[in-house]
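Source file: final-v5.cif (mmCIF, C-alpha atoms and all ligand atoms)
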```cif
data_upload
loop_
_atom_site.label_atom_id
_atom_site.label_comp_id
_atom_site.auth_asym_id
_atom_site.auth_seq_id
_atom_site.Cartn_x
_atom_site.Cartn_y
_atom_site.Cartn_z
CA MET A 1 60.39 16.88 12.95
CA LYS A 2 56.64 17.43 13.06
CA VAL A 3 53.47 15.48 13.83
CA LYS A 4 49.94 16.30 12.81
CA VAL A 5 47.26 15.10 15.25
CA PRO A 6 43.50 15.16 14.67
CA ALA A 7 40.80 16.65 16.88
CA THR A 8 38.41 14.17 18.46
CA SER A 9 34.93 13.98 19.86
CA ALA A 10 34.54 11.69 22.88
CA ASN A 11 31.57 9.85 24.39
CA LEU A 12 29.23 10.14 21.37
CA GLY A 13 26.20 9.97 23.62
CA PRO A 14 26.04 6.70 25.57
CA GLY A 15 29.75 5.77 25.31
CA PHE A 16 30.96 7.83 28.28
CA ASP A 17 34.76 7.45 28.61
CA CYS A 18 34.64 4.58 26.07
CA ILE A 19 33.89 5.78 22.52
CA GLY A 20 35.66 8.46 20.48
CA ILE A 21 35.92 9.63 16.89
CA ALA A 22 38.76 11.42 15.06
CA LEU A 23 37.89 14.45 12.93
CA ASN A 24 39.61 16.21 10.04
CA LEU A 25 40.69 19.23 12.09
CA TYR A 26 44.30 19.24 13.26
CA ASN A 27 47.03 20.53 15.55
CA GLU A 28 50.69 20.35 14.57
CA PHE A 29 53.61 19.75 16.91
CA GLU A 30 57.20 20.51 16.01
CA LEU A 31 60.43 19.82 17.87
CA ILE A 32 62.59 22.92 18.22
CA ASP A 33 66.18 23.15 19.40
CA ARG A 34 66.46 25.10 22.64
CA ASN A 35 69.05 27.49 21.17
CA ASN A 36 66.58 28.47 18.41
CA ILE A 37 64.01 29.65 20.89
CA ASN A 38 63.10 33.21 21.46
CA GLU A 39 61.65 32.59 24.95
CA LYS A 40 59.16 35.42 24.63
CA ASN A 41 57.30 33.56 21.89
CA PHE A 42 56.92 30.33 23.82
CA GLU A 43 55.00 29.35 26.91
CA LYS A 44 57.35 27.92 29.55
CA GLU A 45 56.08 24.37 29.47
CA ASN A 46 52.99 23.30 27.56
CA LEU A 47 51.14 19.97 27.77
CA ALA A 48 52.98 18.64 24.69
CA ASP A 49 56.33 19.40 26.40
CA LYS A 50 55.11 17.52 29.48
CA ALA A 51 54.08 14.52 27.41
CA TYR A 52 57.38 14.59 25.49
CA LYS A 53 59.31 14.60 28.76
CA HIS A 54 57.09 11.97 30.36
CA PHE A 55 57.85 9.54 27.51
CA PHE A 56 61.57 9.57 28.41
CA GLU A 57 60.87 9.17 32.13
CA LYS A 58 58.47 6.29 31.60
CA THR A 59 60.70 4.43 29.12
CA LYS A 60 63.81 5.20 31.18
CA THR A 61 65.69 6.48 28.15
CA THR A 62 68.09 9.41 28.02
CA PHE A 63 66.18 12.67 27.68
CA ILE A 64 66.77 14.59 24.45
CA ASP A 65 66.17 18.18 25.51
CA LYS A 66 63.93 19.94 22.96
CA LYS A 67 60.91 22.25 23.03
CA VAL A 68 57.59 21.39 21.41
CA LYS A 69 55.98 24.13 19.36
CA ILE A 70 52.20 23.89 18.97
CA SER A 71 50.15 25.29 16.11
CA GLY A 72 46.84 24.40 14.50
CA ASP A 73 43.09 24.72 14.49
CA VAL A 74 41.73 22.65 17.37
CA PRO A 75 39.97 25.00 19.80
CA ILE A 76 41.02 24.78 23.45
CA SER A 77 38.65 23.55 26.20
CA ARG A 78 35.73 23.05 23.85
CA GLY A 79 35.36 19.25 23.95
CA LEU A 80 37.27 18.59 20.74
CA GLY A 81 40.24 16.83 22.30
CA SER A 82 42.82 19.62 22.19
CA SER A 83 44.64 18.22 25.26
CA ALA A 84 44.68 14.75 23.71
CA THR A 85 46.32 16.23 20.57
CA CYS A 86 49.06 17.72 22.82
CA ILE A 87 49.65 14.45 24.69
CA ILE A 88 49.73 12.32 21.54
CA GLY A 89 51.83 14.97 19.73
CA GLY A 90 54.48 15.11 22.48
CA ILE A 91 54.63 11.33 22.91
CA LEU A 92 54.88 10.62 19.17
CA LEU A 93 57.71 13.12 18.76
CA ALA A 94 59.57 11.47 21.64
CA ASN A 95 58.94 7.99 20.21
CA GLU A 96 60.28 9.11 16.86
CA ILE A 97 63.39 10.96 18.06
CA SER A 98 64.33 8.23 20.53
CA ASN A 99 63.94 5.54 17.83
CA LEU A 100 62.15 3.33 20.34
CA ASN A 101 59.28 2.65 17.91
CA LEU A 102 56.83 1.64 20.62
CA SER A 103 53.54 0.04 19.61
CA ASP A 104 50.28 2.02 19.68
CA GLU A 105 49.26 0.07 22.80
CA LYS A 106 52.43 1.13 24.65
CA LEU A 107 52.06 4.75 23.48
CA ILE A 108 48.49 4.82 24.83
CA ASP A 109 49.62 3.38 28.18
CA ILE A 110 52.07 6.28 28.47
CA ALA A 111 49.45 8.81 27.35
CA LEU A 112 46.97 7.54 29.97
CA ASP A 113 49.33 8.66 32.74
CA LEU A 114 48.56 12.23 31.65
CA GLU A 115 44.83 11.92 30.89
CA ASN A 116 43.14 9.11 32.68
CA HIS A 117 40.47 8.26 30.10
CA PRO A 118 41.28 6.98 26.65
CA ASP A 119 38.33 8.12 24.53
CA ASN A 120 40.09 11.17 23.02
CA LEU A 121 43.60 9.69 23.07
CA THR A 122 43.02 6.54 21.00
CA PRO A 123 41.18 8.12 18.05
CA ALA A 124 43.75 10.96 18.03
CA LEU A 125 46.46 8.32 17.60
CA ILE A 126 44.85 5.76 15.27
CA GLY A 127 41.92 7.64 13.69
CA GLY A 128 38.36 6.49 12.96
CA ILE A 129 35.76 5.54 15.53
CA VAL A 130 37.39 3.76 18.45
CA LEU A 131 35.91 1.65 21.25
CA ASN A 132 37.97 1.51 24.43
CA VAL A 133 37.80 -1.44 26.80
CA LYS A 134 39.58 -1.48 30.12
CA ASP A 135 40.18 -4.72 31.97
CA GLU A 136 43.60 -6.21 32.75
CA LYS A 137 44.94 -4.17 29.86
CA ASN A 138 43.76 -1.11 27.93
CA LYS A 139 42.31 -2.39 24.67
CA PHE A 140 41.06 -0.28 21.82
CA ILE A 141 39.20 -1.38 18.76
CA LYS A 142 38.67 0.67 15.62
CA ILE A 143 35.27 0.01 14.08
CA LYS A 144 34.40 0.37 10.43
CA SER A 145 31.72 2.89 9.58
CA LYS A 146 30.12 4.26 6.45
CA SER A 147 31.21 7.78 5.55
CA LEU A 148 29.82 10.24 8.10
CA ASN A 149 29.45 14.00 8.28
CA PHE A 150 29.99 15.79 11.56
CA LEU A 151 28.87 19.30 12.48
CA ALA A 152 30.66 20.93 15.41
CA PHE A 153 28.72 23.81 17.00
CA ILE A 154 31.48 25.59 18.93
CA PRO A 155 30.41 28.34 21.33
CA ASP A 156 32.47 31.30 22.47
CA PHE A 157 32.43 29.97 26.06
CA LEU A 158 34.47 27.10 27.48
CA THR A 159 33.71 24.27 29.87
CA SER A 160 36.29 22.82 32.20
CA THR A 161 36.52 19.03 31.90
CA GLU A 162 37.32 18.87 35.59
CA LYS A 163 34.12 20.69 36.52
CA ALA A 164 32.09 18.71 33.98
CA ARG A 165 33.32 15.48 35.61
CA GLU A 166 32.79 16.73 39.18
CA ILE A 167 29.08 17.37 38.64
CA LEU A 168 28.42 13.75 37.64
CA PRO A 169 26.91 11.35 40.20
CA LYS A 170 29.22 8.84 41.82
CA ASN A 171 26.63 6.06 41.53
CA TYR A 172 23.88 5.20 39.05
CA SER A 173 20.75 3.08 39.30
CA ARG A 174 20.63 -0.29 37.59
CA GLU A 175 17.96 1.10 35.23
CA ASP A 176 20.27 3.89 34.09
CA VAL A 177 23.18 1.51 33.57
CA VAL A 178 21.06 -0.87 31.49
CA TYR A 179 19.72 2.11 29.55
CA ASN A 180 23.25 3.16 28.62
CA ILE A 181 24.48 -0.33 27.75
CA SER A 182 21.52 -0.79 25.40
CA HIS A 183 22.05 2.58 23.71
CA ALA A 184 25.80 2.06 23.33
CA MET A 185 25.01 -1.24 21.59
CA LEU A 186 22.48 0.52 19.39
CA PHE A 187 25.05 3.20 18.53
CA ILE A 188 27.68 0.67 17.43
CA ASN A 189 25.26 -1.41 15.41
CA SER A 190 23.79 1.67 13.71
CA ILE A 191 27.22 3.12 12.91
CA LYS A 192 28.25 -0.15 11.25
CA ASP A 193 25.01 -0.33 9.25
CA GLY A 194 25.04 3.37 8.39
CA ASN A 195 21.53 3.65 9.79
CA ILE A 196 21.81 6.39 12.38
CA THR A 197 18.82 7.47 14.45
CA LYS A 198 18.62 10.07 17.18
CA ASN A 199 18.19 7.53 19.98
CA CYS A 200 21.70 6.13 19.24
CA PHE A 201 22.96 9.15 21.19
CA TYR A 202 20.61 8.90 24.19
CA ASP A 203 22.38 8.57 27.50
CA LYS A 204 21.77 8.83 31.24
CA ILE A 205 25.37 8.91 32.50
CA HIS A 206 26.59 12.39 31.64
CA GLN A 207 24.52 14.42 29.19
CA PRO A 208 21.48 15.09 31.41
CA TYR A 209 23.83 16.67 33.99
CA ARG A 210 26.14 18.49 31.59
CA LYS A 211 23.47 20.05 29.40
CA ASN A 212 22.94 22.62 32.13
CA LEU A 213 26.52 23.83 31.65
CA ILE A 214 25.89 24.56 27.96
CA ASP A 215 23.76 27.62 27.46
CA GLU A 216 21.32 27.29 24.48
CA TYR A 217 21.81 23.50 24.20
CA GLU A 218 18.14 22.90 23.20
CA LYS A 219 18.19 25.69 20.62
CA ILE A 220 21.33 24.30 18.96
CA GLU A 221 19.90 20.79 19.06
CA LYS A 222 16.82 21.98 17.17
CA ILE A 223 18.92 23.90 14.62
CA ALA A 224 21.01 20.77 14.03
CA PHE A 225 17.96 18.53 13.51
CA ASP A 226 16.29 21.13 11.25
CA ASN A 227 19.42 21.11 9.07
CA GLY A 228 19.78 17.37 8.57
CA ALA A 229 21.33 15.95 11.76
CA LYS A 230 20.43 12.33 12.52
CA GLY A 231 21.85 12.57 16.03
CA VAL A 232 22.94 15.35 18.40
CA PHE A 233 25.12 15.07 21.51
CA ILE A 234 27.62 16.87 23.74
CA SER A 235 31.11 16.55 22.25
CA GLY A 236 33.36 15.22 25.03
CA SER A 237 32.61 17.22 28.15
CA GLY A 238 31.47 20.23 26.07
CA SER A 239 31.12 23.06 25.35
CA THR A 240 30.90 21.98 21.69
CA ILE A 241 27.70 20.30 20.56
CA GLY A 242 28.19 17.61 17.91
CA ALA A 243 25.78 16.46 15.23
CA ILE A 244 26.16 13.48 12.92
CA SER A 245 24.57 12.47 9.66
CA ASP A 246 25.26 9.84 7.03
CA GLU A 247 23.95 12.33 4.44
CA ASN A 248 24.99 15.90 3.67
CA PHE A 249 23.80 18.60 6.03
CA LYS A 250 21.76 21.48 4.58
CA GLU A 251 23.73 24.67 4.05
CA PHE A 252 22.77 27.27 6.62
CA ASP A 253 24.08 30.38 8.31
CA ILE A 254 24.07 30.14 12.12
CA LYS A 255 23.89 33.96 12.26
CA LYS A 256 20.30 33.92 11.00
CA TYR A 257 19.16 32.30 14.25
CA ASN A 258 18.39 34.43 17.22
CA LEU A 259 21.10 33.19 19.59
CA LYS A 260 22.56 34.89 22.65
CA ASN A 261 26.04 33.33 22.40
CA LYS A 262 28.37 33.37 19.41
CA TRP A 263 28.45 29.90 17.79
CA LYS A 264 30.85 28.81 15.07
CA VAL A 265 29.83 25.85 12.93
CA LEU A 266 32.42 23.52 11.36
CA ASN A 267 31.42 20.90 8.82
CA LEU A 268 33.84 18.02 9.39
CA LYS A 269 34.43 14.41 8.37
CA ILE A 270 35.95 11.38 10.09
CA GLU A 271 39.75 11.29 9.97
CA ASN A 272 40.44 7.62 9.41
CA ASN A 273 44.23 7.55 9.60
CA GLY A 274 44.96 9.32 12.88
CA ALA A 275 48.19 11.09 13.78
CA LYS A 276 50.86 11.44 11.12
CA ILE A 277 54.61 12.02 11.36
CA ILE A 278 55.88 14.61 8.90
CA LYS A 279 59.60 14.30 8.26
CA ASP A 280 61.53 17.31 6.91
N1 LIG B 301 35.10 11.14 28.44
C1 LIG B 301 35.60 12.38 28.91
C2 LIG B 301 34.50 13.12 29.64
C3 LIG B 301 36.03 13.19 27.72
O1 LIG B 301 33.39 13.15 29.12
O2 LIG B 301 34.73 13.65 30.72
C4 LIG B 301 36.56 14.55 28.08
O3 LIG B 301 37.90 14.48 28.40
#
```

What do you get writing this file as structure tokens?
Amino acid sequence: MKVKVPATSANLGPGFDCIGIALNLYNEFELIDRNNINEKNFEKENLADKAYKHFFEKTKTTFIDKKVKISGDVPISRGLGSSATCIIGGILLANEISNLNLSDEKLIDIALDLENHPDNLTPALIGGIVLNVKDEKNKFIKIKSKSLNFLAFIPDFLTSTEKAREILPKNYSREDVVYNISHAMLFINSIKDGNITKNCFYDKIHQPYRKNLIDEYEKIEKIAFDNGAKGVFISGSGSTIGAISDENFKEFDIKKYNLKNKWKVLNLKIENNGAKIIKD
């Protein structure tokens, strides 16, 4: 049994910990019988194993002892939701093999025990652009958008989400909060209308602090705008820089720019369907 889970980009500018988008770049997770494992080829316990196991603990069902094998293209620790793919992958495999058929809402509640913010988890599960609202319950709402193109500028250095969260202030001024609410509203309205402008991605909660962790941010931002981006932002907690356009990007070779770090550019689209179970 296998599941295919999409990469994601969280925050999208002003939607810190609230907005995420699924992309057509994937990891695959496969359940393997323990007696088929050559231990040398597998890490002891990966995050997908942990999530798989956690599902049984949380639902108080009898554990079915298997190993989760991970493969795929989502880069690790680059702000493209690789940990969320592992959590959703492990939980979906457990949901399937246990025949519990839990709802998406219940699956996300279990996933949140392992990553305490939903903005990568929900789009990885259901696809599209997802707004997350936390009050008495965790709600998530998929919004309709016109077709969008996404450029991921992925550097050869990583950022740790933990560190990128630690450097953020504990408190914000009322002006900054209002600034973010207004830009998050602008983002959602513009996405629905297909009329994206660069100020949809303006934010005062995380990007001003995190930009300093991403060497050559301004250079990449300029390259993105010069090649057709309508908006540029830090993908999740970085180190990837994301760019969005409702039109095609120009074709360009990142190597022609005089950059210190090695950057890989992926031209992606929204994945609208989310994670998918693949039965043998
Ligand atoms: N919203 C999260 C953050 C995404 O920016 O820290 C990364 O896990």

Find the residue from A:Lys170, A:Lys256, A:Lys137, A:His117 that sits nearest to ligand LIG 301 (chain B); use all atoms listed in the file when measuring.
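Once distances to ligand LIG 301 (chain B) are computed over all atoms listed in the file, the minimum belongs to A:His117.
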
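Comparing A:Lys134, A:Lys262, A:Arg78, A:Lys255 by their smallest distance to ligand LIG 301 (chain B), the closest is A:Arg78 (using all atoms listed in the file).
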
Ref. answer, residues at most 12 Å from (52.8, 23.5, 27.2) with all atoms listed in the file, as a list in words
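Counting all atoms listed in the file, I find these residues within 12 Å of (52.8, 23.5, 27.2): Phe29, Phe42, Glu43, Lys44, Glu45, Asn46, Leu47, Ala48, Asp49, Lys50, Ala51, Tyr52, Lys53, Lys67, Val68, Lys69, Ile70, Ser71, Ser82, Ser83, Thr85, Cys86, Ile87, Gly89 and Gly90 of chain A.
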
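CA of Leu112 (chain A) is positioned 25.1 Å from CA of Phe187 (chain A).
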
Which residues are near ligand LIG 301 (chain B) - at most 9 Å, using only C-alpha atoms and all ligand atoms? Format: as a PDB file with C-alpha atoms, in the coordinates of the input.
```pdb
ATOM      1  CA  SER A   9      34.930  13.980  19.860  1.00  0.00           C
ATOM      2  CA  ALA A  10      34.540  11.690  22.880  1.00  0.00           C
ATOM      3  CA  ASN A  11      31.570   9.850  24.390  1.00  0.00           C
ATOM      4  CA  GLY A  15      29.750   5.770  25.310  1.00  0.00           C
ATOM      5  CA  PHE A  16      30.960   7.830  28.280  1.00  0.00           C
ATOM      6  CA  ASP A  17      34.760   7.450  28.610  1.00  0.00           C
ATOM      7  CA  CYS A  18      34.640   4.580  26.070  1.00  0.00           C
ATOM      8  CA  ILE A  19      33.890   5.780  22.520  1.00  0.00           C
ATOM      9  CA  GLY A  20      35.660   8.460  20.480  1.00  0.00           C
ATOM     10  CA  GLY A  79      35.360  19.250  23.950  1.00  0.00           C
ATOM     11  CA  LEU A  80      37.270  18.590  20.740  1.00  0.00           C
ATOM     12  CA  GLY A  81      40.240  16.830  22.300  1.00  0.00           C
ATOM     13  CA  SER A  83      44.640  18.220  25.260  1.00  0.00           C
ATOM     14  CA  ALA A  84      44.680  14.750  23.710  1.00  0.00           C
ATOM     15  CA  GLU A 115      44.830  11.920  30.890  1.00  0.00           C
ATOM     16  CA  ASN A 116      43.140   9.110  32.680  1.00  0.00           C
ATOM     17  CA  HIS A 117      40.470   8.260  30.100  1.00  0.00           C
ATOM     18  CA  PRO A 118      41.280   6.980  26.650  1.00  0.00           C
ATOM     19  CA  ASP A 119      38.330   8.120  24.530  1.00  0.00           C
ATOM     20  CA  ASN A 120      40.090  11.170  23.020  1.00  0.00           C
ATOM     21  CA  THR A 161      36.520  19.030  31.900  1.00  0.00           C
ATOM     22  CA  GLU A 162      37.320  18.870  35.590  1.00  0.00           C
ATOM     23  CA  ALA A 164      32.090  18.710  33.980  1.00  0.00           C
ATOM     24  CA  ARG A 165      33.320  15.480  35.610  1.00  0.00           C
ATOM     25  CA  HIS A 206      26.590  12.390  31.640  1.00  0.00           C
ATOM     26  CA  GLN A 207      24.520  14.420  29.190  1.00  0.00           C
ATOM     27  CA  ILE A 234      27.620  16.870  23.740  1.00  0.00           C
ATOM     28  CA  SER A 235      31.110  16.550  22.250  1.00  0.00           C
ATOM     29  CA  GLY A 236      33.360  15.220  25.030  1.00  0.00           C
ATOM     30  CA  SER A 237      32.610  17.220  28.150  1.00  0.00           C
ATOM     31  CA  GLY A 238      31.470  20.230  26.070  1.00  0.00           C
TER      32      GLY A 238
END
```

Nearest to Lys276 (chain A), chosen from A:Asn132, A:Asn27, A:Ser98, A:Asn248, with all atoms listed in the file counted in the distances:
A:Asn27

Point (27.0, 1.6, 9.8) neighbourhood (12 Å, only C-alpha atoms) written as a PDB file with C-alpha atoms, in the frame of the given file:
```
ATOM      1  CA  ILE A 129      35.760   5.540  15.530  1.00  0.00           C
ATOM      2  CA  ILE A 143      35.270   0.010  14.080  1.00  0.00           C
ATOM      3  CA  LYS A 144      34.400   0.370  10.430  1.00  0.00           C
ATOM      4  CA  SER A 145      31.720   2.890   9.580  1.00  0.00           C
ATOM      5  CA  LYS A 146      30.120   4.260   6.450  1.00  0.00           C
ATOM      6  CA  SER A 147      31.210   7.780   5.550  1.00  0.00           C
ATOM      7  CA  LEU A 148      29.820  10.240   8.100  1.00  0.00           C
ATOM      8  CA  LEU A 186      22.480   0.520  19.390  1.00  0.00           C
ATOM      9  CA  PHE A 187      25.050   3.200  18.530  1.00  0.00           C
ATOM     10  CA  ILE A 188      27.680   0.670  17.430  1.00  0.00           C
ATOM     11  CA  ASN A 189      25.260  -1.410  15.410  1.00  0.00           C
ATOM     12  CA  SER A 190      23.790   1.670  13.710  1.00  0.00           C
ATOM     13  CA  ILE A 191      27.220   3.120  12.910  1.00  0.00           C
ATOM     14  CA  LYS A 192      28.250  -0.150  11.250  1.00  0.00           C
ATOM     15  CA  ASP A 193      25.010  -0.330   9.250  1.00  0.00           C
ATOM     16  CA  GLY A 194      25.040   3.370   8.390  1.00  0.00           C
ATOM     17  CA  ASN A 195      21.530   3.650   9.790  1.00  0.00           C
ATOM     18  CA  ILE A 196      21.810   6.390  12.380  1.00  0.00           C
ATOM     19  CA  THR A 197      18.820   7.470  14.450  1.00  0.00           C
ATOM     20  CA  CYS A 200      21.700   6.130  19.240  1.00  0.00           C
ATOM     21  CA  SER A 245      24.570  12.470   9.660  1.00  0.00           C
ATOM     22  CA  ASP A 246      25.260   9.840   7.030  1.00  0.00           C
TER      23      ASP A 246
END
```

Which of A:Thr159, A:Gly72, A:Asp176, A:Ile64 sits closest to Ile32 (chain A) [using all atoms listed in the file]:
A:Ile64
